[in-house]
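Data block for input_38.cif (mmCIF, C-alpha atoms):
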```
data_upload
loop_
_atom_site.label_atom_id
_atom_site.label_comp_id
_atom_site.auth_asym_id
_atom_site.auth_seq_id
_atom_site.Cartn_x
_atom_site.Cartn_y
_atom_site.Cartn_z
CA MET A 1105 16.39 6.30 -20.06
CA TYR A 1106 16.09 10.06 -20.10
CA ARG A 1107 16.27 12.46 -23.03
CA ARG A 1108 16.92 16.18 -23.32
CA GLU A 1109 13.87 18.43 -23.33
CA ARG A 1110 13.39 22.15 -23.90
CA SER A 1111 15.62 24.22 -21.60
CA VAL A 1112 14.31 26.98 -19.34
CA PRO A 1113 16.19 30.27 -19.92
CA LEU A 1114 17.42 32.29 -16.94
CA LYS A 1115 17.85 36.05 -16.66
CA SER A 1116 21.39 35.48 -15.36
CA SER A 1117 23.86 32.59 -15.19
CA SER A 1118 24.33 30.32 -12.17
CA SER A 1119 27.10 30.74 -9.59
CA ALA A 1120 29.37 27.84 -8.66
CA LEU A 1121 27.64 27.08 -5.36
CA TYR A 1122 26.65 23.76 -3.81
CA ASN A 1123 23.04 22.74 -4.47
CA ASN A 1124 22.44 25.76 -6.70
CA LEU A 1125 19.02 24.73 -7.97
CA SER A 1126 15.67 24.43 -6.24
CA VAL A 1127 12.58 23.00 -7.94
CA LEU A 1128 8.94 23.35 -6.84
CA PRO A 1129 6.31 21.42 -8.80
CA ARG A 1130 2.98 23.20 -8.44
CA ARG A 1131 0.08 20.97 -7.38
CA ASP A 1132 -2.63 23.47 -8.25
CA ARG A 1133 -1.53 24.09 -11.85
CA PRO A 1134 0.68 22.41 -14.50
CA LEU A 1135 3.71 24.57 -13.73
CA THR A 1136 7.15 23.97 -12.26
CA TYR A 1137 9.09 26.70 -10.47
CA PHE A 1138 12.90 26.89 -10.62
CA ALA A 1139 15.34 29.00 -8.57
CA ALA A 1140 19.08 29.51 -9.11
CA VAL A 1141 21.55 31.95 -7.55
CA HIS A 1142 23.88 34.40 -9.29
CA GLY A 1143 25.89 36.74 -7.08
CA SER A 1144 23.46 38.86 -5.07
CA THR A 1145 20.45 37.84 -7.20
CA VAL A 1146 18.11 34.86 -7.27
CA SER A 1147 16.60 34.05 -10.66
CA LEU A 1148 13.11 32.55 -10.46
CA ALA A 1149 11.47 30.96 -13.49
CA SER A 1150 8.21 29.10 -13.98
CA ALA A 1151 7.52 26.91 -16.98
CA ALA A 1152 4.93 24.45 -18.23
CA ALA A 1153 5.81 20.80 -18.77
CA ASP A 1154 6.67 21.48 -22.43
CA GLY A 1155 9.08 24.27 -21.41
CA LEU A 1156 6.87 26.99 -22.90
CA GLY A 1157 5.15 29.91 -21.22
CA VAL A 1158 8.21 30.82 -19.16
CA SER A 1159 7.87 33.72 -16.73
CA HIS A 1160 10.66 35.30 -14.70
CA ARG A 1161 11.20 37.13 -11.44
CA GLN A 1162 14.46 38.22 -9.81
CA LEU A 1163 15.01 38.65 -6.09
CA GLN A 1164 17.79 40.77 -4.62
CA ALA A 1165 19.50 40.08 -1.31
CA THR A 1166 18.25 42.76 1.09
CA GLU A 1167 18.91 43.68 4.69
CA GLY A 1168 15.87 43.94 6.91
CA GLY A 1169 13.65 44.45 3.88
CA LEU A 1170 15.69 47.41 2.66
CA ALA A 1171 18.03 47.40 -0.31
CA ALA A 1172 21.58 47.39 1.01
CA SER A 1173 25.06 47.02 -0.37
CA ALA A 1174 25.28 43.93 -2.52
CA SER A 1175 25.27 40.79 -0.38
CA THR A 1176 26.22 37.48 -1.98
CA VAL A 1177 23.40 34.94 -1.87
CA THR A 1178 24.62 31.45 -0.94
CA GLN A 1179 21.45 29.40 -1.52
CA ALA A 1180 17.77 29.62 -2.41
CA SER A 1181 15.36 26.80 -1.60
CA TRP A 1182 11.64 26.21 -1.28
CA CYS A 1183 10.53 24.69 2.02
CA VAL A 1184 7.24 22.77 1.79
CA LEU A 1185 5.28 22.63 5.04
CA PRO A 1186 1.77 21.15 5.45
CA SER A 1187 0.12 24.55 5.66
CA ARG A 1188 2.33 26.74 3.45
CA VAL A 1189 5.33 26.90 1.14
CA LEU A 1190 8.10 29.43 1.75
CA LEU A 1191 11.06 30.42 -0.42
CA VAL A 1192 14.15 30.80 1.79
CA LEU A 1193 17.25 32.76 0.79
CA THR A 1194 20.57 32.65 2.65
CA SER A 1195 23.34 35.20 2.22
CA GLN A 1196 26.31 36.90 3.87
CA LYS A 1197 23.91 39.24 5.67
CA GLY A 1198 21.21 36.92 6.90
CA ILE A 1199 18.15 34.83 6.09
CA GLN A 1200 15.12 35.95 4.09
CA MET A 1201 11.82 34.08 3.84
CA TYR A 1202 9.30 34.83 1.08
CA GLU A 1203 5.93 33.58 0.00
CA SER A 1204 6.42 30.80 -2.53
CA ASP A 1205 6.29 33.05 -5.62
CA GLY A 1206 8.79 35.53 -4.17
CA SER A 1207 6.24 38.35 -4.13
CA VAL A 1208 6.23 39.14 -0.40
CA MET A 1209 9.01 38.84 2.17
CA VAL A 1210 7.55 37.54 5.43
CA TYR A 1211 10.66 37.29 7.61
CA TRP A 1212 14.22 38.56 7.92
CA HIS A 1213 16.92 37.32 10.30
CA ALA A 1214 20.26 39.12 10.56
CA LEU A 1215 23.22 36.81 11.15
CA ASP A 1216 25.16 39.21 13.34
CA VAL A 1217 22.47 38.97 16.01
CA LEU A 1218 23.81 35.52 16.91
CA GLU A 1219 27.20 35.63 15.24
CA PRO A 1220 29.59 38.51 15.92
CA PRO A 1221 31.69 38.66 12.75
CA PRO A 1222 34.82 36.52 13.22
CA ALA A 1223 37.99 36.72 11.17
CA GLN A 1224 36.46 34.31 8.66
CA ALA A 1225 33.57 34.90 6.31
CA VAL A 1226 30.06 35.05 7.78
CA PHE A 1227 27.19 33.52 5.85
CA ALA A 1228 24.19 31.21 6.10
CA ARG A 1229 23.91 28.05 4.01
CA GLY A 1230 21.89 24.83 4.19
CA ILE A 1231 18.07 24.98 4.24
CA ALA A 1232 15.43 22.36 5.08
CA ALA A 1233 11.90 22.08 6.44
CA ALA A 1234 11.53 19.70 9.39
CA SER A 1235 8.77 18.05 11.40
CA GLY A 1236 5.98 19.89 9.59
CA ARG A 1237 6.46 23.22 11.40
CA PHE A 1238 10.17 24.12 11.44
CA ILE A 1239 12.66 25.50 8.94
CA CYS A 1240 16.33 24.81 9.73
CA VAL A 1241 19.13 27.00 8.36
CA GLY A 1242 22.87 26.47 8.78
CA THR A 1243 25.56 29.10 9.35
CA SER A 1244 29.27 29.53 8.72
CA SER A 1245 30.07 29.08 12.42
CA GLY A 1246 28.47 25.62 12.46
CA LEU A 1247 25.26 26.69 14.19
CA VAL A 1248 21.93 25.40 12.91
CA LEU A 1249 19.08 27.87 13.48
CA VAL A 1250 15.62 26.38 13.96
CA PHE A 1251 12.68 28.65 13.07
CA ASP A 1252 9.10 27.92 14.18
CA ILE A 1253 6.78 28.68 11.26
CA PRO A 1254 3.09 29.53 11.89
CA SER A 1255 0.46 28.24 9.47
CA LYS A 1256 0.06 31.79 8.14
CA GLY A 1257 1.30 35.29 8.82
CA THR A 1258 4.70 36.68 9.76
CA ASN A 1259 5.03 35.63 13.40
CA ILE A 1260 8.09 33.45 12.70
CA THR A 1261 10.33 32.88 15.71
CA LEU A 1262 13.81 31.49 16.31
CA SER A 1263 12.95 28.60 18.62
CA GLU A 1264 16.24 26.71 19.00
CA VAL A 1265 19.93 26.77 18.05
CA LEU A 1266 21.76 23.47 17.45
CA GLU A 1267 25.45 23.68 18.32
CA GLU A 1268 27.07 20.32 17.49
CA HIS A 1269 29.07 21.34 14.39
CA ARG A 1270 32.45 23.09 14.53
CA ASP A 1271 32.74 23.89 10.81
CA SER A 1272 30.55 25.75 8.30
CA ILE A 1273 27.29 24.02 7.48
CA THR A 1274 27.13 22.91 3.84
CA ASP A 1275 23.72 21.25 3.60
CA ILE A 1276 20.69 20.13 5.63
CA ALA A 1277 18.16 17.45 4.69
CA SER A 1278 14.94 16.19 6.23
CA GLU A 1279 13.37 12.75 5.85
CA VAL A 1280 11.48 12.55 2.55
CA GLY A 1281 10.31 8.94 2.87
CA GLU A 1282 8.65 7.00 5.66
CA ASN A 1283 9.65 7.99 9.17
CA PRO A 1284 8.64 5.57 11.94
CA GLY A 1285 7.95 7.28 15.27
CA GLY A 1286 11.10 8.28 17.09
CA ALA A 1287 13.37 7.74 14.08
CA ALA A 1288 15.91 10.16 12.68
CA ASP A 1289 14.31 12.81 10.51
CA LEU A 1290 17.03 15.45 9.97
CA VAL A 1291 20.69 15.34 8.98
CA THR A 1292 23.17 18.24 8.88
CA ALA A 1293 26.54 18.29 7.08
CA ASP A 1294 29.58 20.56 7.30
CA ASP A 1295 32.77 21.58 5.51
CA SER A 1296 34.90 19.04 7.36
CA GLY A 1297 32.65 16.20 6.15
CA ALA A 1298 31.06 15.51 9.55
CA LEU A 1299 27.35 14.65 9.73
CA CYS A 1300 24.92 15.03 12.64
CA VAL A 1301 21.68 13.06 12.73
CA TRP A 1302 18.71 14.50 14.64
CA ARG A 1303 15.21 13.70 15.82
CA SER A 1304 12.95 16.74 15.56
CA LYS A 1305 9.98 16.92 17.89
CA GLU A 1306 9.12 19.86 20.14
CA GLU A 1307 12.85 20.03 20.76
CA PHE A 1308 15.63 18.63 18.60
CA SER A 1309 17.78 15.81 19.98
CA LEU A 1310 21.06 14.50 18.57
CA LEU A 1311 20.90 10.77 17.73
CA THR A 1312 24.36 10.16 16.32
CA LYS A 1313 27.40 11.84 14.75
CA ILE A 1314 29.22 10.52 11.68
CA SER A 1315 32.89 11.44 11.69
CA ALA A 1316 34.66 13.25 8.85
CA PHE A 1317 37.18 11.35 6.74
CA GLY A 1318 39.06 14.17 5.03
CA TRP A 1319 36.61 15.45 2.39
CA THR A 1320 33.86 18.07 2.49
CA CYS A 1321 30.30 16.74 2.42
CA SER A 1322 28.71 19.12 -0.09
CA SER A 1323 25.23 17.60 -0.30
CA VAL A 1324 23.16 15.22 1.80
CA LYS A 1325 19.74 13.51 1.58
CA LEU A 1326 17.65 11.31 3.91
CA TRP A 1327 15.17 8.67 2.69
CA ASN A 1328 13.55 5.81 4.61
CA GLY A 1329 16.28 5.84 7.24
CA VAL A 1330 19.09 5.95 4.66
CA ILE A 1331 21.52 8.88 4.55
CA ALA A 1332 23.04 9.58 1.12
CA ALA A 1333 26.03 11.94 1.33
CA GLY A 1334 28.04 13.38 -1.58
CA TYR A 1335 31.67 14.40 -1.11
CA GLY A 1336 34.46 16.41 -2.69
CA ASN A 1337 36.29 13.26 -3.80
CA GLY A 1338 33.35 12.24 -6.02
CA GLN A 1339 32.12 9.55 -3.64
CA ILE A 1340 28.56 8.90 -2.51
CA ARG A 1341 28.40 7.23 0.90
CA LEU A 1342 25.30 5.55 2.29
CA TYR A 1343 24.76 5.39 6.06
CA GLU A 1344 22.14 4.00 8.42
CA ALA A 1345 20.48 7.05 9.95
CA SER A 1346 19.67 5.19 13.15
CA SER A 1347 23.26 4.18 13.94
CA GLY A 1348 25.51 6.14 11.60
CA ALA A 1349 26.95 2.87 10.26
CA LEU A 1350 28.53 3.06 6.78
CA ARG A 1351 26.71 0.63 4.43
CA ALA A 1352 28.08 1.48 0.97
CA THR A 1353 30.69 3.62 -0.75
CA VAL A 1354 30.26 4.44 -4.45
CA SER A 1355 32.91 6.13 -6.63
CA ALA A 1356 30.20 8.05 -8.45
CA HIS A 1357 32.06 10.92 -10.10
CA ALA A 1358 35.54 11.91 -11.28
CA ARG A 1359 35.32 15.33 -9.59
CA TRP A 1360 33.61 17.20 -6.76
CA ILE A 1361 29.93 16.41 -6.19
CA TYR A 1362 27.83 19.56 -6.01
CA ALA A 1363 24.28 18.24 -5.66
CA LEU A 1364 22.22 15.22 -4.61
CA ASP A 1365 18.47 14.73 -4.78
CA LEU A 1366 16.04 11.92 -3.92
CA ALA A 1367 12.69 11.04 -5.46
CA PRO A 1368 10.63 10.12 -2.36
CA LEU A 1369 8.12 7.82 -4.09
CA THR A 1370 10.67 5.60 -5.85
CA GLY A 1371 13.99 5.93 -4.00
CA LYS A 1372 15.78 7.23 -7.08
CA LEU A 1373 18.94 9.15 -6.18
CA LEU A 1374 20.40 11.85 -8.44
CA SER A 1375 23.97 13.16 -8.26
CA GLY A 1376 25.52 16.05 -10.18
CA ALA A 1377 29.19 17.01 -10.20
CA GLU A 1378 31.95 19.15 -11.68
CA ASP A 1379 32.72 16.34 -14.15
CA SER A 1380 29.66 17.38 -16.25
CA TYR A 1381 27.72 14.21 -15.40
CA VAL A 1382 24.35 13.63 -13.79
CA GLN A 1383 24.05 10.06 -12.49
CA ILE A 1384 20.76 8.39 -11.56
CA TRP A 1385 20.76 5.60 -8.96
CA LYS A 1386 18.11 3.48 -7.26
CA LEU A 1387 18.14 2.93 -3.51
CA SER A 1388 16.35 0.03 -1.86
CA ARG A 1389 16.56 -2.40 1.04
CA SER A 1390 17.01 -6.13 0.64
CA PRO A 1391 13.73 -7.86 1.57
CA ASP A 1392 15.74 -10.70 3.13
CA THR A 1393 18.39 -8.88 5.16
CA GLY A 1394 17.22 -5.26 5.27
CA ASP A 1395 20.61 -4.14 3.94
CA ILE A 1396 20.84 -0.94 1.90
CA GLU A 1397 21.28 -1.59 -1.83
CA ILE A 1398 22.18 0.84 -4.63
CA GLU A 1399 21.85 0.28 -8.37
CA HIS A 1400 23.06 2.53 -11.20
CA CYS A 1401 20.25 3.42 -13.62
CA HIS A 1402 21.36 6.21 -15.96
CA SER A 1403 24.25 8.49 -16.83
CA GLU A 1404 23.81 11.86 -18.58
CA CYS A 1405 26.57 14.22 -19.71
CA VAL A 1406 25.87 17.96 -20.00
CA PRO A 1407 28.81 18.80 -22.27
CA ASP A 1408 31.39 21.39 -21.19
CA THR A 1409 29.40 22.24 -18.06
CA GLN A 1410 30.57 22.38 -14.46
CA LEU A 1411 27.32 21.27 -12.84
CA CYS A 1412 26.40 23.09 -9.62
CA GLY A 1413 22.74 22.15 -9.16
CA ALA A 1414 20.55 19.18 -10.03
CA ARG A 1415 17.03 18.23 -8.91
CA PHE A 1416 14.22 15.87 -9.78
CA CYS A 1417 11.13 17.71 -11.08
CA ASP A 1418 8.57 15.26 -9.69
CA PRO A 1419 8.31 12.90 -6.68
CA GLU A 1420 8.65 9.80 -8.88
CA GLY A 1421 11.93 10.93 -10.44
CA ASN A 1422 10.59 10.77 -14.01
CA SER A 1423 12.27 14.06 -14.94
CA PHE A 1424 15.16 16.16 -13.68
CA ALA A 1425 16.80 19.53 -14.23
CA ALA A 1426 20.34 20.83 -13.81
CA THR A 1427 22.26 24.10 -13.69
CA GLY A 1428 25.91 24.75 -14.48
CA TYR A 1429 28.45 27.41 -13.65
CA ASP A 1430 28.07 30.39 -16.02
CA LEU A 1431 25.16 28.65 -17.78
CA SER A 1432 22.19 30.96 -18.45
CA GLU A 1433 19.62 28.19 -18.69
CA ILE A 1434 18.25 25.24 -16.79
CA VAL A 1435 18.66 22.02 -18.76
CA ARG A 1436 15.81 19.53 -18.42
CA TYR A 1437 15.51 15.81 -19.07
CA GLY A 1438 12.46 13.54 -19.15
CA GLN A 1439 12.08 9.77 -19.00
CA VAL A 1440 11.28 7.91 -22.22
#
```

Spit out the file's structure as structure tokens when you get a sec.
Amino acid sequence: MYRRERSVPLKSSSSALYNNLSVLPRRDRPLTYFAAVHGSTVSLASAAADGLGVSHRQLQATEGGLAASASTVTQASWCVLPSRVLLVLTSQKGIQMYESDGSVMVYWHALDVLEPPPAQAVFARGIAAASGRFICVGTSSGLVLVFDIPSKGTNITLSEVLEEHRDSITDIASEVGENPGGAADLVTADDSGALCVWRSKEEFSLLTKISAFGWTCSSVKLWNGVIAAGYGNGQIRLYEASSGALRATVSAHARWIYALDLAPLTGKLLSGAEDSYVQIWKLSRSPDTGDIEIEHCHSECVPDTQLCGARFCDPEGNSFAATGYDLSEIVRYGQV
């Protein structure tokens, strides 16, 4: 069971974007950082466990480090690497990488370098760290840009471009559980609902593709070789990462799923949707057959709220937070 705790106020409301909440628990102090997008601004907030002592910072989408005409931000997410943590922003103009507190921008990548503007909208979306040294970012043309991140400094380089998708990238996820050598450790999703499963070493190799079935895949996670994908029809589908085989289909929500998250230490799966509900599930494998199993654990309604972001606040899944369209706060829940 979870119960409502003190909310964290935001300087601005949250836009109706997929995965519009990022959470970074600080290991060096009892603080949790939150990030949510509104228009051309990213609202950052840090709060103690009791929700007090909140501090705020706002980041503006810029072009090459200079303030430019307003550019809509599509996502903000912290990427945790062994040697550093970076805050990555994607927008219509390009990709910005900051130190974890948003104080210093360390890298800027303009989209039009690789993507001449087509008739459709140009933007980046989908952010994930991979293999301990890379950050992967998706684009509206279906490209996935792979950046090599040094342990410190600003010498970030574009090392590879993955070209399997034909539709706009919606989300990217890296393995958050155990990853046996040679196994899949990255999954990318697009607007058509197609998924690509990758192995990331010095170079990325495609392991399998999972075909679309008529609905956008808005959010995706990867845990212990299990892919959890959330779709526009309210379904969660579970796949084997190694083969792409469908193992379970769950009618989880009455409306479009906007966010999934996984607690790596326990296998808890969180889903948030337009129907105002956050659902908590438990993933596991049968000790006898090795089959993927899913169990429903908790249901929480955030009244009159079109949820657009939801994340666990700790690796065990003992607490979670959520954002909603036009909501100027982050709602938080803790286990009792």

**Message:** Report, in Å to a single decimal, how far apart atom CA of A:Gln1162 and atom CA of A:Ser1111 are.
**Reply:** 18.3 Å

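Of the residues under consideration (A:Ser1309, A:Ser1207, A:Ser1175, A:Ser1195), A:Ser1207 shows the shortest atom-to-atom contact distance to A:Arg1161 when counting all atoms listed in the file.
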
**atom CA of A:Gly1376 to atom CA of A:Val1127, straight-line distance in Å** = 14.9 Å

**Message:** With distances taken over all atoms listed in the file, which residue among A:Glu1267, A:Glu1433, A:Asp1289, A:Asp1154 lies nearest A:Thr1409?
**Reply:** A:Glu1433

**Prompt:** Using the chain letters and numbers from the file, which residues does the PyMOL selection byres ((chain A and resi 1371) around 10) grab, as a PyMOL selection string?
**Reply:** chain A and resi 1280-1281+1327-1328+1365-1370+1372-1374+1385-1388+1398+1419-1421

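Across the chains present, the PyMOL selection byres ((chain A and resi 1359) around 9) applied to this file returns A:Gly1336, A:Asn1337, A:Gly1338, A:Gln1339, A:Ala1356, A:His1357, A:Ala1358, A:Trp1360, A:Ile1361, A:Ala1377, A:Glu1378, A:Asp1379, A:Ser1380.
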
Listed atoms of stretch 1129-1143 of chain A boxed axis-aligned with 3 Å per side, centre + edges as AutoDock Vina command-line options:
```
--center_x 11.6 --center_y 28.9 --center_z -10.8 --size_x 34.5 --size_y 21.8 --size_z 13.4
```

**Message:** Could you tell me, as number ranges by chain, exactly which residues end up selected when the PyMOL selection byres ((chain A and resi 1332) around 9) is applied to this structure?
**Reply:** A: 1323-1327, 1330-1331, 1333-1334, 1340-1343, 1364, 1366, 1373

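For A:Phe1138, the non-local neighbours within 8 Å, defined as residues at least 2 positions apart in the same chain or in other chains and counting all atoms listed in the file, are Leu1125, Ser1126, Val1127, Leu1128, Thr1136, Ala1140, Leu1148, Ala1149 and Ser1150 of chain A.
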
The selected residues should be written to file as a PDB file, in the frame of the given file (atoms: C-alpha atoms).
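Result file out.pdb:
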```pdb
ATOM      1  CA  LEU A1125      19.020  24.730  -7.970  1.00  0.00           C
ATOM      2  CA  SER A1126      15.670  24.430  -6.240  1.00  0.00           C
ATOM      3  CA  VAL A1127      12.580  23.000  -7.940  1.00  0.00           C
ATOM      4  CA  LEU A1128       8.940  23.350  -6.840  1.00  0.00           C
ATOM      5  CA  THR A1136       7.150  23.970 -12.260  1.00  0.00           C
ATOM      6  CA  ALA A1140      19.080  29.510  -9.110  1.00  0.00           C
ATOM      7  CA  LEU A1148      13.110  32.550 -10.460  1.00  0.00           C
ATOM      8  CA  ALA A1149      11.470  30.960 -13.490  1.00  0.00           C
ATOM      9  CA  SER A1150       8.210  29.100 -13.980  1.00  0.00           C
TER      10      SER A1150
END
```

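Atom pair atom CA of A:Ala1152 / atom CA of A:Arg1133: separated by 9.1 Å.
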
**For stretch 1188-1193 of chain A: contacts at 9 Å, only C-alpha atoms, fewer than 5 positions along chain excluded, given as a PyMOL selection string** = chain A and resi 1146+1165+1177-1183+1198-1206+1210+1228-1229+1231+1254-1256

**Message:** Residues proximal to (33.5, 32.1, 6.6) were defined as those with any atom within 8 Å of that point in the file's coordinates, counting only C-alpha atoms. Which are they, as a VMD selection string?
**Reply:** chain A and resid 1223 to 1227 1244 to 1245 1272

**Request:** Could you pull out every residue with an atom within 8 Å of (4.4, 21.6, -12.0), file coordinates, counting all atoms listed in the file, and send them as a PyMOL selection string?
**Result:** chain A and resi 1128-1131+1133-1137+1151-1153+1417-1418

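Neighbouring residues of A:Phe1251 at 10 Å or closer, counting all atoms listed in the file and skipping chain neighbours under 4 positions away, are Ala1233, Ala1234, Arg1237, Phe1238, Ile1239, Cys1240, Val1241, Ile1260, Thr1261, Leu1262, Ser1263, Glu1264 and Val1265 of chain A.
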